[in-house]
Amino acid sequence: MTKNIAVIKGDGIGPEIITEAMKVLDAVAEKYGHTFNYTQLLMGGCSIDANGEPLTKETIDACKASDAVLMGSIGGDTTTSPWYKLPPNLRPEAGLLGIRKALGLFANLRPCVLYPQLSGACPLKKEISDRGFDMLIMRELTGGLYFGEKKTETVDGMQVATDTLVYSESEIRRIAIKAFDVAMKRRKKVTSVDKANVLESSRLWRKVITEVAKDYPEVTLEHMLVDNSAMQLVRDPAQFDVMVTENMFGDILSDEASMITGSIGMLASASMNETKFGLYEPSGGSAPDIAGQNKANPIATILSAAMMLRYSFDMTDEADAVEAAVSKALNDGYRTGDIMSEGMTKVSCSEMGDIIAKSV
Ligand code: NAD
């Protein structure tokens with residue numbers, strides 16, 4: 001198969017971690033007889049330096065013309081970098097918001113996996129972390145409270161602020177379909193998180209999710225209130241497979257779920273539109289404190305590339321092979337600095353990439 005991948009290395013550790021992900025993709029291409037064509041594009045701080053703006057039309061058009069986008073991270077040190085003296089719409093992060101909007105990415109997928117080899121980094125009790133967990137949070141990204149009408153007014157001499165939480169049936173249906181499609185590629189369980197006991201938008205959410213579930217008889221659906229979900233995540237995270245929820249609940253729960261995995265350098269993510277098209281990136285930022293030192297953990301980016309293989313290219317065996325290679329590297333005791341522990345072998349970013357690519 002031939003696939004065209006738009007590559008945005010970005011700033012800080014972005015170029016280092018993407019180079020390792022491409023190394024692993026090249027190993028996949030060689031083993032399975034595929035061709036991956038890469039188009040390298042600028043976005044974020046490096047685009048500000050080259051073009052005077054964080055996101056150009058050229059980058060957007062090239063992303064749209066590709067089969068998927070692989071991205072490192074963008075941004076610099078927010079206190080010292082000259083990029084942060086620019087108006088907000090010209091700063092690196094404006095590129096990130098701009099590309100998500102331009103590509104219509106409404107579903108954010110964040111797998112949260114506790115590898116048994118790294119269970120010591122999990123802040124939960126040992127009897128919980130020993131069981132491990134492997135879940136995926138699917139967060140609606142373009143609707144809800146963050147995008148509803150907002151205002152602050154003075155009523156009877158008192159300031160009153162209002163945010164509006166709006167969801168249409170079609171917005172809920174498209175994310176529900178995405179969640180069930182993803183669950184079909186995993187353990188076939190969907191937990192839909194809402195606050196249907198008090199919110200109208202949640203009652204519509206629950207109704208539409210239940211309707212969509214009828215098209216997926218193999219998938220088990222459960223509904224859970226958001227407050228209970230926050231508790232269950234730390235009490236028994238192994239119970240979850242795919243958790244689907246609206247924008248703000250997802251924002252909070254995905255950070256909670258990330259925290260219990262122990263390391264930001266291990267967290268992959270994807271943002272998708274209605275088709276198989278997606279933008280794949282690690283959850284962490286550009287880590288200016290370690291940039292250019294060959295110290296970054298490339299695993300989150302390599303696992304994001306595995307998600308690209310699985311969800312955009314339908315290359316299940318290839319994605320499994322990359323994930324297995326990551327597990328093997330951890331089993332064999334290789335660790336970058338951020339996940340280092342006693343008795344393990346410390347490796348650089350590029351050495352970790354070499355080890356994983358070789359084992360693919
Ligand atoms: P950060 O995620 O870059 O760094 C937080 C800490 O985690 C740092 O100590 C860093 O060294 C460490 N870290 C992050 N990724 C790592 C990796 N792969 N391997 C090892 N250690 C890693 O967050 P920050 O310092 O708050 O932000 C730095 C810059 O990144 C800012 O400009 C911010 O706006 C930007 N940012 C970009 C994205 C993105 O591109 N999607 C996301 C978050 C932050």
# chains A, B, ... in the order shown; residues from 1 in each chain; ligands from 1
$ closest_atom_pairs --of "stretch 197-287 of chain A" --to "stretch 75-97 of chain A" --cutoff "10 Å" --atoms "only C-alpha atoms" --output "tab-separated table"
residue	atom	partner	partner_atom	distance
A:Gly285	CA	A:Gly75	CA	7.5
A:Ser286	CA	A:Gly75	CA	6.0
A:Ala287	CA	A:Gly76	CA	7.8
$ write_last_selection --atoms "N, CA and C atoms" --output "tab-separated table (two decimals), in the first residue's frame"
chain	number	residue	atom	x	y	z
A	285	GLY	N	4.09	18.38	25.32
A	285	GLY	CA	4.44	19.57	24.57
A	285	GLY	C	5.84	19.48	23.99
A	286	SER	N	6.44	20.65	23.72
A	286	SER	CA	7.72	20.69	23.01
A	286	SER	C	8.92	20.57	23.95
A	287	ALA	N	8.65	20.48	25.26
A	287	ALA	CA	9.69	20.25	26.28
A	287	ALA	C	10.97	21.04	26.01
$ residues_around --residues "A:Ser269" --least-positions-apart "3" --cutoff "8 Å" --atoms "only C-alpha atoms" --output "count of residues only"
10
$ residues_around --residues "stretch 129-133 of chain A" --least-positions-apart "2" --cutoff "9 Å" --atoms "only C-alpha atoms" --output "list of chain:residue names"
A:Cys112, A:Val113, A:Leu114, A:Tyr115, A:Pro116, A:Ser119, A:Gly120, A:Cys122, A:Pro123, A:Leu124, A:Lys125, A:Lys126, A:Glu127, A:Met135, A:Asp236, A:Pro237, A:Ala238, A:Gln239, A:Phe240, A:Asp241, A:Ile260, A:Thr261
$ write_last_selection --atoms "N, CA, C and O atoms" --output "short mmCIF file (atom, residue, chain, number, x, y, z; two decimals), in the first residue's frame"
data_model
loop_
_atom_site.label_atom_id
_atom_site.label_comp_id
_atom_site.auth_asym_id
_atom_site.auth_seq_id
_atom_site.Cartn_x
_atom_site.Cartn_y
_atom_site.Cartn_z
N CYS A 112 -4.88 5.54 27.16
CA CYS A 112 -4.17 5.61 28.44
C CYS A 112 -3.85 4.19 28.86
O CYS A 112 -4.75 3.43 29.21
N VAL A 113 -2.59 3.86 28.75
CA VAL A 113 -2.17 2.48 28.98
C VAL A 113 -1.16 2.48 30.13
O VAL A 113 -0.23 3.29 30.13
N LEU A 114 -1.38 1.59 31.10
CA LEU A 114 -0.34 1.42 32.12
C LEU A 114 0.42 0.15 31.77
O LEU A 114 -0.12 -0.96 31.86
N TYR A 115 1.65 0.31 31.31
CA TYR A 115 2.47 -0.86 31.00
C TYR A 115 2.90 -1.50 32.31
O TYR A 115 3.36 -0.79 33.21
N PRO A 116 2.76 -2.84 32.43
CA PRO A 116 3.17 -3.48 33.69
C PRO A 116 4.62 -3.15 34.03
O PRO A 116 4.97 -3.00 35.21
N SER A 119 4.69 0.08 36.06
CA SER A 119 3.62 0.25 37.06
C SER A 119 4.11 1.01 38.29
O SER A 119 3.32 1.64 38.99
N GLY A 120 5.43 1.02 38.51
CA GLY A 120 5.98 1.77 39.64
C GLY A 120 5.74 3.27 39.52
O GLY A 120 5.72 3.99 40.52
N CYS A 122 3.01 4.62 38.46
CA CYS A 122 1.57 4.91 38.64
C CYS A 122 1.33 5.34 40.09
O CYS A 122 1.74 4.65 41.02
N PRO A 123 0.65 6.47 40.30
CA PRO A 123 0.45 6.95 41.67
C PRO A 123 -0.64 6.20 42.44
O PRO A 123 -0.89 6.50 43.60
N LEU A 124 -1.30 5.21 41.81
CA LEU A 124 -2.36 4.47 42.50
C LEU A 124 -1.77 3.37 43.38
O LEU A 124 -0.60 3.00 43.25
N LYS A 125 -2.62 2.83 44.27
CA LYS A 125 -2.18 1.74 45.15
C LYS A 125 -1.70 0.56 44.31
O LYS A 125 -2.24 0.30 43.23
N LYS A 126 -0.73 -0.18 44.88
CA LYS A 126 -0.11 -1.28 44.13
C LYS A 126 -1.13 -2.33 43.66
O LYS A 126 -1.06 -2.82 42.54
N GLU A 127 -2.12 -2.63 44.52
CA GLU A 127 -3.08 -3.68 44.11
C GLU A 127 -3.90 -3.25 42.89
O GLU A 127 -4.40 -4.07 42.13
N MET A 135 -7.06 1.77 28.28
CA MET A 135 -8.32 2.39 27.90
C MET A 135 -8.08 3.50 26.88
O MET A 135 -6.93 3.90 26.65
N ASP A 236 -10.81 1.71 39.82
CA ASP A 236 -10.68 0.49 39.03
C ASP A 236 -10.57 0.84 37.54
O ASP A 236 -11.50 0.60 36.76
N PRO A 237 -9.43 1.43 37.11
CA PRO A 237 -9.33 1.87 35.71
C PRO A 237 -9.40 0.71 34.71
O PRO A 237 -9.74 0.93 33.55
N ALA A 238 -9.10 -0.51 35.18
CA ALA A 238 -9.08 -1.66 34.24
C ALA A 238 -10.47 -1.97 33.69
O ALA A 238 -10.59 -2.67 32.69
N GLN A 239 -11.54 -1.44 34.31
CA GLN A 239 -12.90 -1.73 33.84
C GLN A 239 -13.21 -1.04 32.51
O GLN A 239 -14.15 -1.40 31.82
N PHE A 240 -12.43 -0.02 32.13
CA PHE A 240 -12.77 0.78 30.95
C PHE A 240 -12.07 0.29 29.68
O PHE A 240 -10.90 -0.12 29.72
N ASP A 241 -12.79 0.38 28.56
CA ASP A 241 -12.18 0.15 27.24
C ASP A 241 -12.23 1.49 26.50
O ASP A 241 -11.27 2.25 26.54
N ILE A 260 -2.60 8.89 35.82
CA ILE A 260 -2.42 7.58 36.45
C ILE A 260 -1.55 6.64 35.60
O ILE A 260 -1.19 5.56 36.05
N THR A 261 -1.18 7.07 34.39
CA THR A 261 -0.24 6.24 33.62
C THR A 261 1.21 6.52 34.03
O THR A 261 2.10 5.74 33.73
#
$ closest_residue --among "A:Gln117, A:Asn197, A:Thr245, A:Thr316" --to "A:Ala329" --atoms "only C-alpha atoms"
A:Gln117
$ decode --residues "stretch 268-303 of chain A" --atoms "N, CA, C and O atoms" --output "short mmCIF file (atom, residue, chain, number, x, y, z; two decimals), in the first residue's frame"
data_model
loop_
_atom_site.label_atom_id
_atom_site.label_comp_id
_atom_site.auth_asym_id
_atom_site.auth_seq_id
_atom_site.Cartn_x
_atom_site.Cartn_y
_atom_site.Cartn_z
N ALA A 268 0.17 8.71 23.66
CA ALA A 268 -0.14 9.01 22.26
C ALA A 268 -1.47 9.74 22.18
O ALA A 268 -2.24 9.76 23.13
N SER A 269 -1.75 10.34 21.02
CA SER A 269 -3.10 10.88 20.81
C SER A 269 -3.39 11.04 19.32
O SER A 269 -2.48 11.06 18.49
N ALA A 270 -4.68 11.14 19.03
CA ALA A 270 -5.11 11.34 17.64
C ALA A 270 -6.32 12.26 17.65
O ALA A 270 -7.09 12.25 18.60
N SER A 271 -6.46 13.06 16.59
CA SER A 271 -7.69 13.83 16.41
C SER A 271 -8.19 13.51 15.01
O SER A 271 -7.42 13.57 14.04
N MET A 272 -9.48 13.17 14.92
CA MET A 272 -10.00 12.67 13.65
C MET A 272 -11.23 13.44 13.18
O MET A 272 -11.92 14.07 13.97
N ASN A 273 -11.50 13.36 11.87
CA ASN A 273 -12.75 13.89 11.34
C ASN A 273 -13.68 12.73 11.00
O ASN A 273 -13.45 11.60 11.43
N GLU A 274 -14.73 12.99 10.23
CA GLU A 274 -15.72 11.93 9.94
C GLU A 274 -15.14 10.77 9.13
O GLU A 274 -15.63 9.66 9.16
N THR A 275 -14.09 11.06 8.35
CA THR A 275 -13.50 10.02 7.51
C THR A 275 -12.41 9.32 8.32
O THR A 275 -12.32 9.48 9.52
N LYS A 276 -11.56 8.60 7.64
CA LYS A 276 -10.46 7.94 8.34
C LYS A 276 -9.27 8.88 8.56
O LYS A 276 -8.25 8.49 9.10
N PHE A 277 -9.42 10.11 8.10
CA PHE A 277 -8.32 11.07 8.20
C PHE A 277 -8.08 11.49 9.65
O PHE A 277 -9.03 11.74 10.39
N GLY A 278 -6.82 11.59 10.04
CA GLY A 278 -6.53 12.04 11.40
C GLY A 278 -5.19 12.73 11.51
O GLY A 278 -4.33 12.62 10.62
N LEU A 279 -5.03 13.45 12.60
CA LEU A 279 -3.75 14.08 12.95
C LEU A 279 -3.25 13.38 14.21
O LEU A 279 -3.98 13.29 15.19
N TYR A 280 -2.04 12.87 14.14
CA TYR A 280 -1.51 12.03 15.22
C TYR A 280 -0.33 12.73 15.88
O TYR A 280 0.60 13.17 15.20
N GLU A 281 -0.37 12.82 17.20
CA GLU A 281 0.68 13.58 17.91
C GLU A 281 0.80 13.07 19.34
O GLU A 281 -0.18 12.58 19.91
N PRO A 282 1.97 13.22 19.95
CA PRO A 282 2.08 12.87 21.37
C PRO A 282 1.29 13.87 22.21
O PRO A 282 1.06 14.99 21.78
N SER A 283 0.88 13.45 23.41
CA SER A 283 0.10 14.36 24.26
C SER A 283 0.95 15.46 24.88
O SER A 283 0.43 16.50 25.23
N GLY A 284 2.24 15.23 25.02
CA GLY A 284 3.11 16.22 25.67
C GLY A 284 3.40 17.40 24.77
O GLY A 284 3.03 17.43 23.60
N GLY A 285 4.09 18.38 25.32
CA GLY A 285 4.44 19.57 24.57
C GLY A 285 5.84 19.48 23.99
O GLY A 285 6.39 18.39 23.81
N SER A 286 6.44 20.65 23.72
CA SER A 286 7.72 20.69 23.01
C SER A 286 8.92 20.57 23.95
O SER A 286 10.06 20.57 23.50
N ALA A 287 8.65 20.48 25.26
CA ALA A 287 9.69 20.25 26.28
C ALA A 287 10.97 21.04 26.01
O ALA A 287 12.05 20.45 25.84
N PRO A 288 10.89 22.38 26.00
CA PRO A 288 12.10 23.17 25.69
C PRO A 288 13.26 22.89 26.64
O PRO A 288 14.42 23.06 26.26
N ASP A 289 12.93 22.43 27.87
CA ASP A 289 14.00 22.16 28.86
C ASP A 289 14.96 21.05 28.43
O ASP A 289 16.10 21.01 28.86
N ILE A 290 14.49 20.13 27.56
CA ILE A 290 15.39 19.03 27.15
C ILE A 290 15.60 19.00 25.62
O ILE A 290 16.22 18.08 25.10
N ALA A 291 15.10 20.03 24.92
CA ALA A 291 15.18 20.03 23.45
C ALA A 291 16.63 20.03 22.97
O ALA A 291 17.49 20.66 23.59
N GLY A 292 16.88 19.32 21.89
CA GLY A 292 18.21 19.30 21.26
C GLY A 292 19.24 18.50 22.01
O GLY A 292 20.42 18.51 21.68
N GLN A 293 18.82 17.76 23.04
CA GLN A 293 19.80 17.01 23.86
C GLN A 293 19.70 15.50 23.67
O GLN A 293 20.37 14.75 24.39
N ASN A 294 18.87 15.06 22.74
CA ASN A 294 18.70 13.62 22.48
C ASN A 294 18.26 12.87 23.74
O ASN A 294 18.65 11.73 23.95
N LYS A 295 17.45 13.55 24.58
CA LYS A 295 17.02 12.95 25.85
C LYS A 295 15.54 12.58 25.85
O LYS A 295 15.07 11.89 26.74
N ALA A 296 14.77 13.14 24.90
CA ALA A 296 13.31 12.99 24.95
C ALA A 296 12.90 11.53 24.77
O ALA A 296 13.61 10.74 24.14
N ASN A 297 11.75 11.20 25.33
CA ASN A 297 11.18 9.87 25.13
C ASN A 297 10.37 9.88 23.83
O ASN A 297 9.37 10.60 23.73
N PRO A 298 10.76 9.09 22.82
CA PRO A 298 10.02 9.11 21.55
C PRO A 298 8.82 8.17 21.53
O PRO A 298 8.11 8.08 20.53
N ILE A 299 8.55 7.44 22.65
CA ILE A 299 7.54 6.37 22.60
C ILE A 299 6.14 6.91 22.33
O ILE A 299 5.39 6.34 21.54
N ALA A 300 5.77 8.06 22.96
CA ALA A 300 4.42 8.60 22.72
C ALA A 300 4.22 8.87 21.23
O ALA A 300 3.14 8.64 20.68
N THR A 301 5.26 9.35 20.56
CA THR A 301 5.15 9.68 19.13
C THR A 301 5.11 8.40 18.29
O THR A 301 4.36 8.30 17.32
N ILE A 302 5.90 7.43 18.69
CA ILE A 302 5.91 6.14 17.99
C ILE A 302 4.53 5.46 18.14
O ILE A 302 3.97 4.92 17.18
N LEU A 303 3.95 5.55 19.34
CA LEU A 303 2.62 4.97 19.55
C LEU A 303 1.54 5.77 18.81
O LEU A 303 0.52 5.22 18.40
#
